[in-house]
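Trainee: Before we start, here is the structure in question, set down as structure tokens.
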Amino acid sequence: MTEPRLLLDRDAIAATVARLGSEIAADHRDGVVLVGVLKGAAILLADLARAVQGVDVAITCVAISRFAPDSGRVRILHDLDLDVTDRDVVLVEDLVDTGLTADFLIRTLRERGARSVSMCALLDRSVRRIVPLDVRYRGVEVDGSFIVGYGLHVHDRYRNLPDIHVVDRVTLDADPDAYVPYFHGV
């Protein structure tokens with residue numbers, strides 16, 4: 001088993017979130033709705049909402065099922081709890097990978113009458129993109145490595161880590177708790 005490798009520490013994450021918050025505030029002087037994609041973006045959403053200074057910020061969340069293999073279908077498990085009609089919306093994701101989830105949600109928000117919909121991702125893995133996607137507010141570009149922490153997980157483990165780490169996917173597939181000893185006391 002390979003040891004985890006630190007990708008982004010909490011200071012780098014905080015600086016990236018602060019930059020994203022400033023960019024969002026500059027673009028949305030009349031206010032913005034941040035829509036977090038659960039569960040992964042929950043931690044980012046909380047930090048990002050505080051980083052968007054000087055403008056009115058509304059927060060809501062959405063959760064969707066995973067794409068069913070070979071179907072290209074998802075379903076909304078938890079829907080928005082506010083109306084986005086005629087509002088500027090920023091969809092907030094911890095990681096954008098293939099773009100399928102983000103594309104589905106962006107189209108859904110537009111169909112619901114949002115004035116504008118932009119994408120914000122702390123991490124962008126564009127090398128795996130299947131559908132074209134404009135990530136307006138991009139934190140950090142990442143490669144195909146498997147990562148955990150700051151909302152990113154394996155079987156709901158490691159979300160609570162304050163840093164983001166590269167780990168071995170094969171190891172975690174065999175034992176989702178394999179890295180727990182490394183992060184004890186973090």
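Here, A, B, ... name the chains of the structure tokens in the order displayed, residue numbers run from 1 inside each chain, and ligands are numbered from 1 in the same displayed order.
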Please report, as a list of chain:residue names, each residue of range 42-180 of chain A to which DSSP assigns alpha helix (DSSP H) when run on this structure's backbone.
Mentor: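 Secondary structure check on range 42-180 of chain A, alpha helix (DSSP H): A:Ala42, A:Ile43, A:Leu44, A:Leu45, A:Ala46, A:Asp47, A:Leu48, A:Ala49, A:Arg50, A:Ala51, A:Leu100, A:Thr101, A:Ala102, A:Asp103, A:Phe104, A:Leu105, A:Ile106, A:Arg107, A:Thr108, A:Leu109, A:Arg110, A:Glu111, A:Arg169, A:Val170, A:Thr171, A:Leu172, A:Asp173, A:Ala174, A:Val180.
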Trainee: For the residues in that selection, give me N, CA and C atoms as a CSV table (one decimal), in the first residue's frame.
Mentor:
```csv
chain,number,residue,atom,x,y,z
A,42,ALA,N,-20.6,20.1,0.6
A,42,ALA,CA,-21.1,20.7,1.8
A,42,ALA,C,-20.1,21.5,2.5
A,43,ILE,N,-18.9,21.0,2.7
A,43,ILE,CA,-17.8,21.7,3.4
A,43,ILE,C,-17.4,22.9,2.6
A,44,LEU,N,-17.2,22.7,1.3
A,44,LEU,CA,-16.8,23.8,0.4
A,44,LEU,C,-17.9,24.9,0.4
A,45,LEU,N,-19.2,24.5,0.3
A,45,LEU,CA,-20.3,25.5,0.3
A,45,LEU,C,-20.3,26.4,1.5
A,46,ALA,N,-20.1,25.8,2.7
A,46,ALA,CA,-20.0,26.6,3.9
A,46,ALA,C,-18.9,27.6,3.9
A,47,ASP,N,-17.7,27.2,3.5
A,47,ASP,CA,-16.6,28.1,3.5
A,47,ASP,C,-16.7,29.1,2.3
A,48,LEU,N,-17.2,28.7,1.2
A,48,LEU,CA,-17.4,29.6,0.1
A,48,LEU,C,-18.4,30.7,0.4
A,49,ALA,N,-19.5,30.3,1.0
A,49,ALA,CA,-20.6,31.3,1.4
A,49,ALA,C,-20.0,32.4,2.2
A,50,ARG,N,-19.1,32.1,3.1
A,50,ARG,CA,-18.4,33.1,4.0
A,50,ARG,C,-17.4,33.9,3.2
A,51,ALA,N,-16.9,33.3,2.1
A,51,ALA,CA,-15.9,34.0,1.3
A,51,ALA,C,-16.5,35.0,0.3
A,100,LEU,N,-20.8,15.2,-16.4
A,100,LEU,CA,-22.2,14.7,-16.6
A,100,LEU,C,-23.1,15.2,-15.6
A,101,THR,N,-22.7,15.1,-14.3
A,101,THR,CA,-23.6,15.6,-13.2
A,101,THR,C,-23.8,17.1,-13.3
A,102,ALA,N,-22.7,17.9,-13.5
A,102,ALA,CA,-22.8,19.3,-13.6
A,102,ALA,C,-23.6,19.7,-14.8
A,103,ASP,N,-23.5,19.1,-15.9
A,103,ASP,CA,-24.3,19.4,-17.1
A,103,ASP,C,-25.7,19.2,-16.9
A,104,PHE,N,-26.1,18.1,-16.2
A,104,PHE,CA,-27.5,17.8,-15.9
A,104,PHE,C,-28.1,18.9,-15.0
A,105,LEU,N,-27.3,19.2,-14.0
A,105,LEU,CA,-27.8,20.2,-13.0
A,105,LEU,C,-27.9,21.6,-13.6
A,106,ILE,N,-26.9,22.0,-14.4
A,106,ILE,CA,-27.0,23.3,-15.1
A,106,ILE,C,-28.2,23.4,-16.0
A,107,ARG,N,-28.4,22.4,-16.7
A,107,ARG,CA,-29.6,22.4,-17.6
A,107,ARG,C,-30.9,22.4,-16.8
A,108,THR,N,-31.0,21.7,-15.7
A,108,THR,CA,-32.1,21.7,-14.8
A,108,THR,C,-32.4,23.1,-14.2
A,109,LEU,N,-31.3,23.8,-13.7
A,109,LEU,CA,-31.4,25.1,-13.2
A,109,LEU,C,-31.9,26.1,-14.2
A,110,ARG,N,-31.4,26.0,-15.4
A,110,ARG,CA,-31.8,26.9,-16.5
A,110,ARG,C,-33.3,26.7,-16.8
A,111,GLU,N,-33.7,25.4,-16.9
A,111,GLU,CA,-35.1,25.1,-17.1
A,111,GLU,C,-36.0,25.7,-16.0
A,169,ARG,N,-6.5,4.0,-5.1
A,169,ARG,CA,-7.8,3.5,-5.3
A,169,ARG,C,-8.0,2.0,-5.2
A,170,VAL,N,-7.0,1.2,-5.6
A,170,VAL,CA,-7.0,-0.2,-5.5
A,170,VAL,C,-7.0,-0.6,-4.1
A,171,THR,N,-6.2,0.0,-3.3
A,171,THR,CA,-6.2,-0.2,-1.8
A,171,THR,C,-7.5,0.0,-1.2
A,172,LEU,N,-8.1,1.2,-1.5
A,172,LEU,CA,-9.4,1.5,-0.9
A,172,LEU,C,-10.5,0.7,-1.4
A,173,ASP,N,-10.5,0.2,-2.7
A,173,ASP,CA,-11.5,-0.7,-3.1
A,173,ASP,C,-11.5,-2.0,-2.3
A,174,ALA,N,-10.3,-2.5,-2.0
A,174,ALA,CA,-10.1,-3.7,-1.2
A,174,ALA,C,-10.5,-3.5,0.3
A,180,VAL,N,-7.3,4.9,7.3
A,180,VAL,CA,-7.8,5.5,8.5
A,180,VAL,C,-6.6,5.7,9.5
```
Trainee: What's the 7 Å shell around Asn160 in chain A, counting only C-alpha atoms, without same-chain residues fewer than 2 positions away, as a ChimeraX atom specification?
Mentor: /A:149-151,158,162
Trainee: Would you mind exporting N, CA, C and O atoms of the selected residues as a PDB file, in the first residue's frame?
Mentor:
```pdb
ATOM      1  N   GLY A 149     -10.705  13.780   1.163  1.00  0.00           N
ATOM      2  CA  GLY A 149     -10.588  14.878   2.117  1.00  0.00           C
ATOM      3  C   GLY A 149     -11.384  16.092   1.680  1.00  0.00           C
ATOM      4  O   GLY A 149     -11.732  16.239   0.518  1.00  0.00           O
ATOM      5  N   TYR A 150     -11.719  16.949   2.647  1.00  0.00           N
ATOM      6  CA  TYR A 150     -12.447  18.192   2.408  1.00  0.00           C
ATOM      7  C   TYR A 150     -13.716  17.923   1.578  1.00  0.00           C
ATOM      8  O   TYR A 150     -14.000  18.588   0.594  1.00  0.00           O
ATOM      9  N   GLY A 151     -14.454  16.891   1.985  1.00  0.00           N
ATOM     10  CA  GLY A 151     -15.710  16.550   1.316  1.00  0.00           C
ATOM     11  C   GLY A 151     -15.606  15.359   0.393  1.00  0.00           C
ATOM     12  O   GLY A 151     -16.583  14.661   0.152  1.00  0.00           O
ATOM     13  N   TYR A 158     -13.426   9.729   5.150  1.00  0.00           N
ATOM     14  CA  TYR A 158     -12.393  10.721   4.823  1.00  0.00           C
ATOM     15  C   TYR A 158     -12.942  12.097   4.433  1.00  0.00           C
ATOM     16  O   TYR A 158     -12.160  13.013   4.182  1.00  0.00           O
ATOM     17  N   PRO A 162      -9.257  17.826   6.867  1.00  0.00           N
ATOM     18  CA  PRO A 162      -9.135  19.248   6.526  1.00  0.00           C
ATOM     19  C   PRO A 162      -8.254  19.513   5.312  1.00  0.00           C
ATOM     20  O   PRO A 162      -8.256  20.622   4.788  1.00  0.00           O
TER      21      PRO A 162
END
```
Trainee: To one decimal in Å, tell me the separation between CA of Gly40 in chain A and CA of Glu93 in chain A.
Mentor: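 So the two atoms, CA of Gly40 in chain A and CA of Glu93 in chain A, lie 7.2 Å apart.
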Trainee: Would you work out the distance separating CA of Asp124 in chain A from CA of Leu161 in chain A, expressed in Å to one decimal?
Mentor: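 Taking CA of Asp124 in chain A and CA of Leu161 in chain A, their separation equals 19.1 Å.
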Trainee: Which residues are near Gln53 in chain A? Cut-off 10 Å, only C-alpha atoms, ignore same chain within fewer than 4 positions. Put them as a list in words.
Mentor: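 Skipping anything fewer than 4 positions along the chain leaves Ala18, Gly21, Ser22, Ile24, Ala25, Ala26, Arg29, Leu48, Ala49 and Val57 of chain A.
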Trainee: For range 97-154 of chain A versus range 1-7 of chain A, which residues have an atom no more than 12 Å away, and what is each residue's nearest atom pair and distance in Å rounded to one decimal, using only C-alpha atoms, chain-then-number order, as CSV?
Mentor:
```
residue,atom,partner,partner_atom,distance
A:Leu123,CA,A:Leu7,CA,11.0
A:Val140,CA,A:Leu7,CA,10.4
A:Glu141,CA,A:Leu7,CA,11.2
A:Val142,CA,A:Leu7,CA,9.2
A:Asp143,CA,A:Leu7,CA,10.8
A:Ser145,CA,A:Leu7,CA,10.0
A:Phe146,CA,A:Pro4,CA,10.2
A:Ile147,CA,A:Leu7,CA,8.2
A:Val148,CA,A:Pro4,CA,9.5
A:Gly149,CA,A:Leu7,CA,9.9
A:Tyr150,CA,A:Leu7,CA,11.4
```
Trainee: Residues of range 41-107 of chain A that have any atom at most 6 Å from an atom of range 116-122 of chain A: could you tabulate them with the shortest-distance atom pair and the distance in Å to one decimal, using only C-alpha atoms, ordered by chain and increasing number, as CSV?
Mentor:
```
residue,atom,partner,partner_atom,distance
A:Asp88,CA,A:Ser116,CA,4.8
A:Val89,CA,A:Val117,CA,4.8
A:Val90,CA,A:Ser118,CA,4.7
A:Leu91,CA,A:Met119,CA,5.0
A:Val92,CA,A:Cys120,CA,4.9
A:Glu93,CA,A:Ala121,CA,4.8
A:Asp94,CA,A:Leu122,CA,5.2
A:Leu95,CA,A:Ala121,CA,5.7
```
Trainee: Atoms to include: C-alpha atoms. Write the selected residues as a compact mmCIF listing (two decimals), in the first residue's frame.
Mentor:
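selection_29.txt, written as the output of this step:
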```txt
# COMPACT_ATOMS: atom_id res chain seq x y z
CA ASP A 88 -28.05 34.38 -10.71
CA VAL A 89 -27.02 30.89 -9.62
CA VAL A 90 -23.59 29.39 -9.00
CA LEU A 91 -23.55 25.61 -8.86
CA VAL A 92 -20.93 24.51 -6.31
CA GLU A 93 -19.11 21.18 -6.63
CA ASP A 94 -16.12 19.79 -4.76
CA LEU A 95 -14.83 18.04 -7.91
```
Trainee: Could you tell me, as a ChimeraX atom specification, which residues of range 54-171 of chain A DSSP assigns to strand (DSSP E or B) when given the backbone?
Mentor: /A:57-64,76-78,88-96,116-124,137-141,146-149,152,154,157,164-167
Trainee: Could you turn the residues from that selection into a file that holds C-alpha atoms, as a PDB file, in the first residue's frame?
Mentor:
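Result written to result.pdb:
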```pdb
ATOM      1  CA  VAL A  57     -25.858  35.288  -0.735  1.00  0.00           C
ATOM      2  CA  ALA A  58     -28.630  32.706  -0.628  1.00  0.00           C
ATOM      3  CA  ILE A  59     -27.717  29.067  -0.068  1.00  0.00           C
ATOM      4  CA  THR A  60     -29.502  25.884  -1.016  1.00  0.00           C
ATOM      5  CA  CYS A  61     -28.513  22.320  -1.835  1.00  0.00           C
ATOM      6  CA  VAL A  62     -29.398  19.588  -4.264  1.00  0.00           C
ATOM      7  CA  ALA A  63     -28.578  15.887  -4.182  1.00  0.00           C
ATOM      8  CA  ILE A  64     -28.799  13.527  -7.106  1.00  0.00           C
ATOM      9  CA  ILE A  76     -32.939  14.262  -7.918  1.00  0.00           C
ATOM     10  CA  LEU A  77     -32.911  12.867  -4.386  1.00  0.00           C
ATOM     11  CA  HIS A  78     -33.084  16.221  -2.572  1.00  0.00           C
ATOM     12  CA  ASP A  88     -28.046  34.378 -10.706  1.00  0.00           C
ATOM     13  CA  VAL A  89     -27.016  30.892  -9.620  1.00  0.00           C
ATOM     14  CA  VAL A  90     -23.593  29.395  -8.998  1.00  0.00           C
ATOM     15  CA  LEU A  91     -23.553  25.608  -8.861  1.00  0.00           C
ATOM     16  CA  VAL A  92     -20.930  24.514  -6.314  1.00  0.00           C
ATOM     17  CA  GLU A  93     -19.107  21.176  -6.628  1.00  0.00           C
ATOM     18  CA  ASP A  94     -16.120  19.795  -4.763  1.00  0.00           C
ATOM     19  CA  LEU A  95     -14.826  18.041  -7.906  1.00  0.00           C
ATOM     20  CA  VAL A  96     -15.911  18.187 -11.528  1.00  0.00           C
ATOM     21  CA  SER A 116     -27.720  32.798 -15.200  1.00  0.00           C
ATOM     22  CA  VAL A 117     -26.020  29.595 -14.101  1.00  0.00           C
ATOM     23  CA  SER A 118     -22.267  29.359 -13.548  1.00  0.00           C
ATOM     24  CA  MET A 119     -20.145  26.473 -12.353  1.00  0.00           C
ATOM     25  CA  CYS A 120     -17.769  26.627  -9.374  1.00  0.00           C
ATOM     26  CA  ALA A 121     -15.496  23.689  -8.582  1.00  0.00           C
ATOM     27  CA  LEU A 122     -12.748  23.526  -6.012  1.00  0.00           C
ATOM     28  CA  LEU A 123     -11.118  20.790  -8.103  1.00  0.00           C
ATOM     29  CA  ASP A 124     -11.407  20.311 -11.855  1.00  0.00           C
ATOM     30  CA  TYR A 137     -14.921  29.530 -11.048  1.00  0.00           C
ATOM     31  CA  ARG A 138     -12.140  26.935 -11.066  1.00  0.00           C
ATOM     32  CA  GLY A 139     -10.058  26.272  -8.000  1.00  0.00           C
ATOM     33  CA  VAL A 140      -7.307  23.826  -8.898  1.00  0.00           C
ATOM     34  CA  GLU A 141      -6.812  21.592 -11.928  1.00  0.00           C
ATOM     35  CA  PHE A 146      -7.810   9.388  -6.641  1.00  0.00           C
ATOM     36  CA  ILE A 147      -8.268  11.941  -3.871  1.00  0.00           C
ATOM     37  CA  VAL A 148      -9.983  12.193  -0.494  1.00  0.00           C
ATOM     38  CA  GLY A 149     -10.588  14.878   2.117  1.00  0.00           C
ATOM     39  CA  LEU A 152     -14.235  13.969  -1.047  1.00  0.00           C
ATOM     40  CA  VAL A 154     -14.761   6.697  -0.258  1.00  0.00           C
ATOM     41  CA  ARG A 157     -15.021   7.957   4.842  1.00  0.00           C
ATOM     42  CA  ILE A 164      -6.878  16.845   0.370  1.00  0.00           C
ATOM     43  CA  HIS A 165      -4.773  13.735  -0.158  1.00  0.00           C
ATOM     44  CA  VAL A 166      -3.936  11.464  -3.075  1.00  0.00           C
ATOM     45  CA  VAL A 167      -4.560   7.822  -2.153  1.00  0.00           C
TER      46      VAL A 167
END
```
Trainee: Have a look at CA of Asp81 in chain A and CA of Arg112 in chain A and let me know their distance in Å, one decimal.
Mentor: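 Atom-to-atom, CA of Asp81 in chain A and CA of Arg112 in chain A are spaced 12.7 Å apart.
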